[in-house]
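Shown next, in structure tokens, is the structure this report addresses.
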Amino acid sequence: MLKKIAEADFPTRWGHFRIHGFEAANKETAVALTLGDLTKAAPLVRIHSQCLTGDVFGSLRCDCRQQLELALSAIAAAGAGVLVYEQQEGRGIGLMAKLQAYELQDKGRDTVQANEDLGFKADERLFALPAEILKSLGLKQVRLLSNNPDKVAALERAGVKVAERVPCEVEAHSASENYLKTKKEKLGHLFTTR
């Protein structure tokens with residue numbers, strides 16, 4: 001069901017990773033960045049959904065880029081870990097729908113309301129592909145760097161034990177305050193400082 005397409009050396013400003021490209025039977029793709037020995041203990045793992053606006057353009061409407069950089073830094077500091085980067089733009093609704101959701105947010109809707117107004121669930125992601133990738137890397141147990149309880153549940157359902165949920169909290173900006181409030185109040189994200 002899951003096929004590794006490629007693997008290569010991948011030096012970054014955070015550390016020297018390996019990059020693995022995967023494709024599922026339904027043609028969904030994702031990459032995994034791995035660092036260090038993943039077999040000694042439950043490695044630090046981040047499942048990160050693509051966010052063109054945040055990851056690439058540095059949008060302050062979300063915390064995505066900050067979380068991505070925090071995760072890469074934490075994995076490098078730990079000396080071992082995995083970052084799975086999946087193609088699930090806009091909580092799985094796609095880039096154009098996400099931009100339409102931005103337009104609705106500019107008119108006063110929150111992120112959940114905007115997605116629902118467009119005919120989507122609040123979050124369309126299932127996290128099945130990342131779980132299969134982790135299993136293909138031989139991981140049975142992880143320390144998950146996430147605030148999202150759905151990611152924990154998805155990994156557990158897929159047979160990957162979450163030994164610890166490690167908070168992935170970043171500083172809020174005035175532009176992301178409502179976004180983070182909605183994540184906590186409507187999506188059940190776990191924050192220790194909010």
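Identifiers for the structure tokens are assigned positionally: chains receive A, B, ... in sequence, residues are indexed from 1 per chain, and ligands are indexed from 1 in the order shown.
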Quiz item: Near A:Cys51, within 7 Å and counting only C-alpha atoms, which residues show up once chain neighbours fewer than 5 positions away are dropped, as a ChimeraX atom specification?
Solution: /A:64,89-90
Practice problem: Please provide as a PyMOL selection string all residues within 12 Å of A:Thr192, with the sequence filter that same-chain residues fewer than 3 positions apart are discarded (counting only C-alpha atoms). | Solution: chain A and resi 146-147+165-170+184+189
Would you mind exporting the chosen residues as an mmCIF file, in the first residue's frame, restricted to C-alpha atoms?
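Resulting contents of out-v4.cif:
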```cif
data_model
loop_
_atom_site.group_PDB
_atom_site.id
_atom_site.type_symbol
_atom_site.label_atom_id
_atom_site.label_comp_id
_atom_site.auth_asym_id
_atom_site.auth_seq_id
_atom_site.Cartn_x
_atom_site.Cartn_y
_atom_site.Cartn_z
ATOM 1 C CA SER A 146 2.001 18.049 18.577
ATOM 2 C CA ASN A 147 -0.845 19.952 20.204
ATOM 3 C CA ARG A 165 2.894 13.964 23.555
ATOM 4 C CA VAL A 166 5.416 16.791 23.485
ATOM 5 C CA PRO A 167 3.837 20.261 23.219
ATOM 6 C CA CYS A 168 4.587 22.170 20.008
ATOM 7 C CA GLU A 169 3.672 25.643 21.196
ATOM 8 C CA VAL A 170 4.973 28.826 19.641
ATOM 9 C CA LYS A 184 -8.119 25.336 21.281
ATOM 10 C CA HIS A 189 -5.888 21.437 20.627
#
```
Quiz item: If you count only C-alpha atoms, which residues fall within 7 Å of A:Leu38, apart from same-chain ones fewer than 4 positions away, as a VMD selection string?
Solution: chain A and resid 43 80 to 81
Just-selected residues, N, CA and C atoms written as an mmCIF file, in the first residue's frame:
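Result written to part-v9.cif:
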```
data_model
loop_
_atom_site.group_PDB
_atom_site.id
_atom_site.type_symbol
_atom_site.label_atom_id
_atom_site.label_comp_id
_atom_site.auth_asym_id
_atom_site.auth_seq_id
_atom_site.Cartn_x
_atom_site.Cartn_y
_atom_site.Cartn_z
ATOM 1 N N PRO A 43 11.657 7.899 19.264
ATOM 2 C CA PRO A 43 12.177 9.153 18.718
ATOM 3 C C PRO A 43 11.133 10.268 18.735
ATOM 4 N N ALA A 80 17.939 12.672 17.235
ATOM 5 C CA ALA A 80 17.242 11.635 16.473
ATOM 6 C C ALA A 80 15.775 12.005 16.384
ATOM 7 N N GLY A 81 15.182 11.698 15.241
ATOM 8 C CA GLY A 81 13.757 11.938 15.099
ATOM 9 C C GLY A 81 13.319 11.948 13.651
#
```
Self-check item: Distance of atom CA of A:Ala122 from atom CA of A:Val56, expressed in Å to one decimal place
Solution: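 Pair atom CA of A:Val56 / atom CA of A:Ala122 returns 23.2 Å.
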Near-A:Thr29 list (8 Å; only C-alpha atoms; drop same-chain fewer than 3 positions) as a PDB file with N, CA and C atoms, in the first residue's frame:
```
ATOM      1  N   GLY A  21      11.006   9.909   0.152  1.00  0.00           N
ATOM      2  CA  GLY A  21       9.757  10.211  -0.539  1.00  0.00           C
ATOM      3  C   GLY A  21       8.872   8.985  -0.595  1.00  0.00           C
ATOM      4  N   PHE A  22       7.598   9.134  -0.219  1.00  0.00           N
ATOM      5  CA  PHE A  22       6.654   8.017  -0.174  1.00  0.00           C
ATOM      6  C   PHE A  22       5.415   8.321  -1.015  1.00  0.00           C
ATOM      7  N   GLU A  23       4.828   7.251  -1.554  1.00  0.00           N
ATOM      8  CA  GLU A  23       3.573   7.368  -2.280  1.00  0.00           C
ATOM      9  C   GLU A  23       2.653   6.232  -1.852  1.00  0.00           C
ATOM     10  N   ALA A  24       1.405   6.591  -1.554  1.00  0.00           N
ATOM     11  CA  ALA A  24       0.403   5.598  -1.178  1.00  0.00           C
ATOM     12  C   ALA A  24      -0.285   5.076  -2.435  1.00  0.00           C
ATOM     13  N   GLU A  86       3.304  16.135   5.080  1.00  0.00           N
ATOM     14  CA  GLU A  86       2.281  15.605   4.181  1.00  0.00           C
ATOM     15  C   GLU A  86       1.598  16.710   3.388  1.00  0.00           C
ATOM     16  N   GLN A  87       1.073  16.345   2.243  1.00  0.00           N
ATOM     17  CA  GLN A  87       0.415  17.277   1.330  1.00  0.00           C
ATOM     18  C   GLN A  87      -1.051  17.457   1.728  1.00  0.00           C
TER      19      GLN A  87
END
```
Quiz item: Could you work out how far atom CA of A:Lys3 lies from atom CA of A:Val82, giving the answer in Å with one decimal?
Solution: 17.7 Å
Quiz item: Can you tell me, as a PyMOL selection string, what residues are no more than 12 Å from A:Asp150 when counting only C-alpha atoms, ignoring any on the same chain fewer than 3 positions away?
Solution: chain A and resi 47+123-128+144+146-147+153-157+162+165+183+187-190
Take the residues that were just selected and, keeping C-alpha atoms, output them as a CSV table (one decimal), in the first residue's frame.
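Okay, result.csv is ready:
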```csv
chain,number,residue,atom,x,y,z
A,47,ILE,CA,3.6,15.2,11.6
A,123,ASP,CA,-10.5,19.3,9.6
A,124,GLU,CA,-10.4,16.9,6.6
A,125,ARG,CA,-7.2,15.2,7.6
A,126,LEU,CA,-7.0,11.6,8.7
A,127,PHE,CA,-3.2,11.1,9.2
A,128,ALA,CA,-3.3,7.6,7.9
A,144,LEU,CA,4.9,13.0,19.2
A,146,SER,CA,2.0,18.0,18.6
A,147,ASN,CA,-0.8,20.0,20.2
A,153,ALA,CA,-5.5,9.1,18.3
A,154,ALA,CA,-4.7,8.4,14.6
A,155,LEU,CA,-1.3,7.0,15.4
A,156,GLU,CA,-2.6,4.9,18.2
A,157,ARG,CA,-5.4,3.5,16.0
A,162,VAL,CA,2.5,7.5,21.4
A,165,ARG,CA,2.9,14.0,23.6
A,183,LYS,CA,-7.8,25.6,17.5
A,187,LEU,CA,-10.7,21.7,17.6
A,188,GLY,CA,-9.6,20.6,21.1
A,189,HIS,CA,-5.9,21.4,20.6
A,190,LEU,CA,-3.9,21.1,23.8
```
Exercise. Give the alpha helix (DSSP H) residues of chain A, as DSSP finds them on the backbone, and put them as a PyMOL selection string.
Key: chain A and resi 64-78+89-92+95-106+111-117+128-136+149-157+177-187
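Of the listed residues A:Lys181, A:Arg61, A:Lys151, A:His48, the one whose atoms come nearest to A:Asp106 is A:Arg61, with distances taken using only C-alpha atoms.
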Quiz item: Which parts of stretch 33-182 of chain A does DSSP call strand (DSSP E) when run on the backbone here, written out as a list in words?
Solution: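 Residues meeting the strand (DSSP E) criterion: Leu33, Thr34, Leu35, Leu44, Val45, Arg46, Ile47, His48, Ser49, Gly81, Val82, Leu83, Val84, Tyr85, Glu86, Gln141, Val142, Arg143, Leu144, Leu145, Lys161, Val162, Ala163, Glu164, Arg165 and Val166 of chain A.
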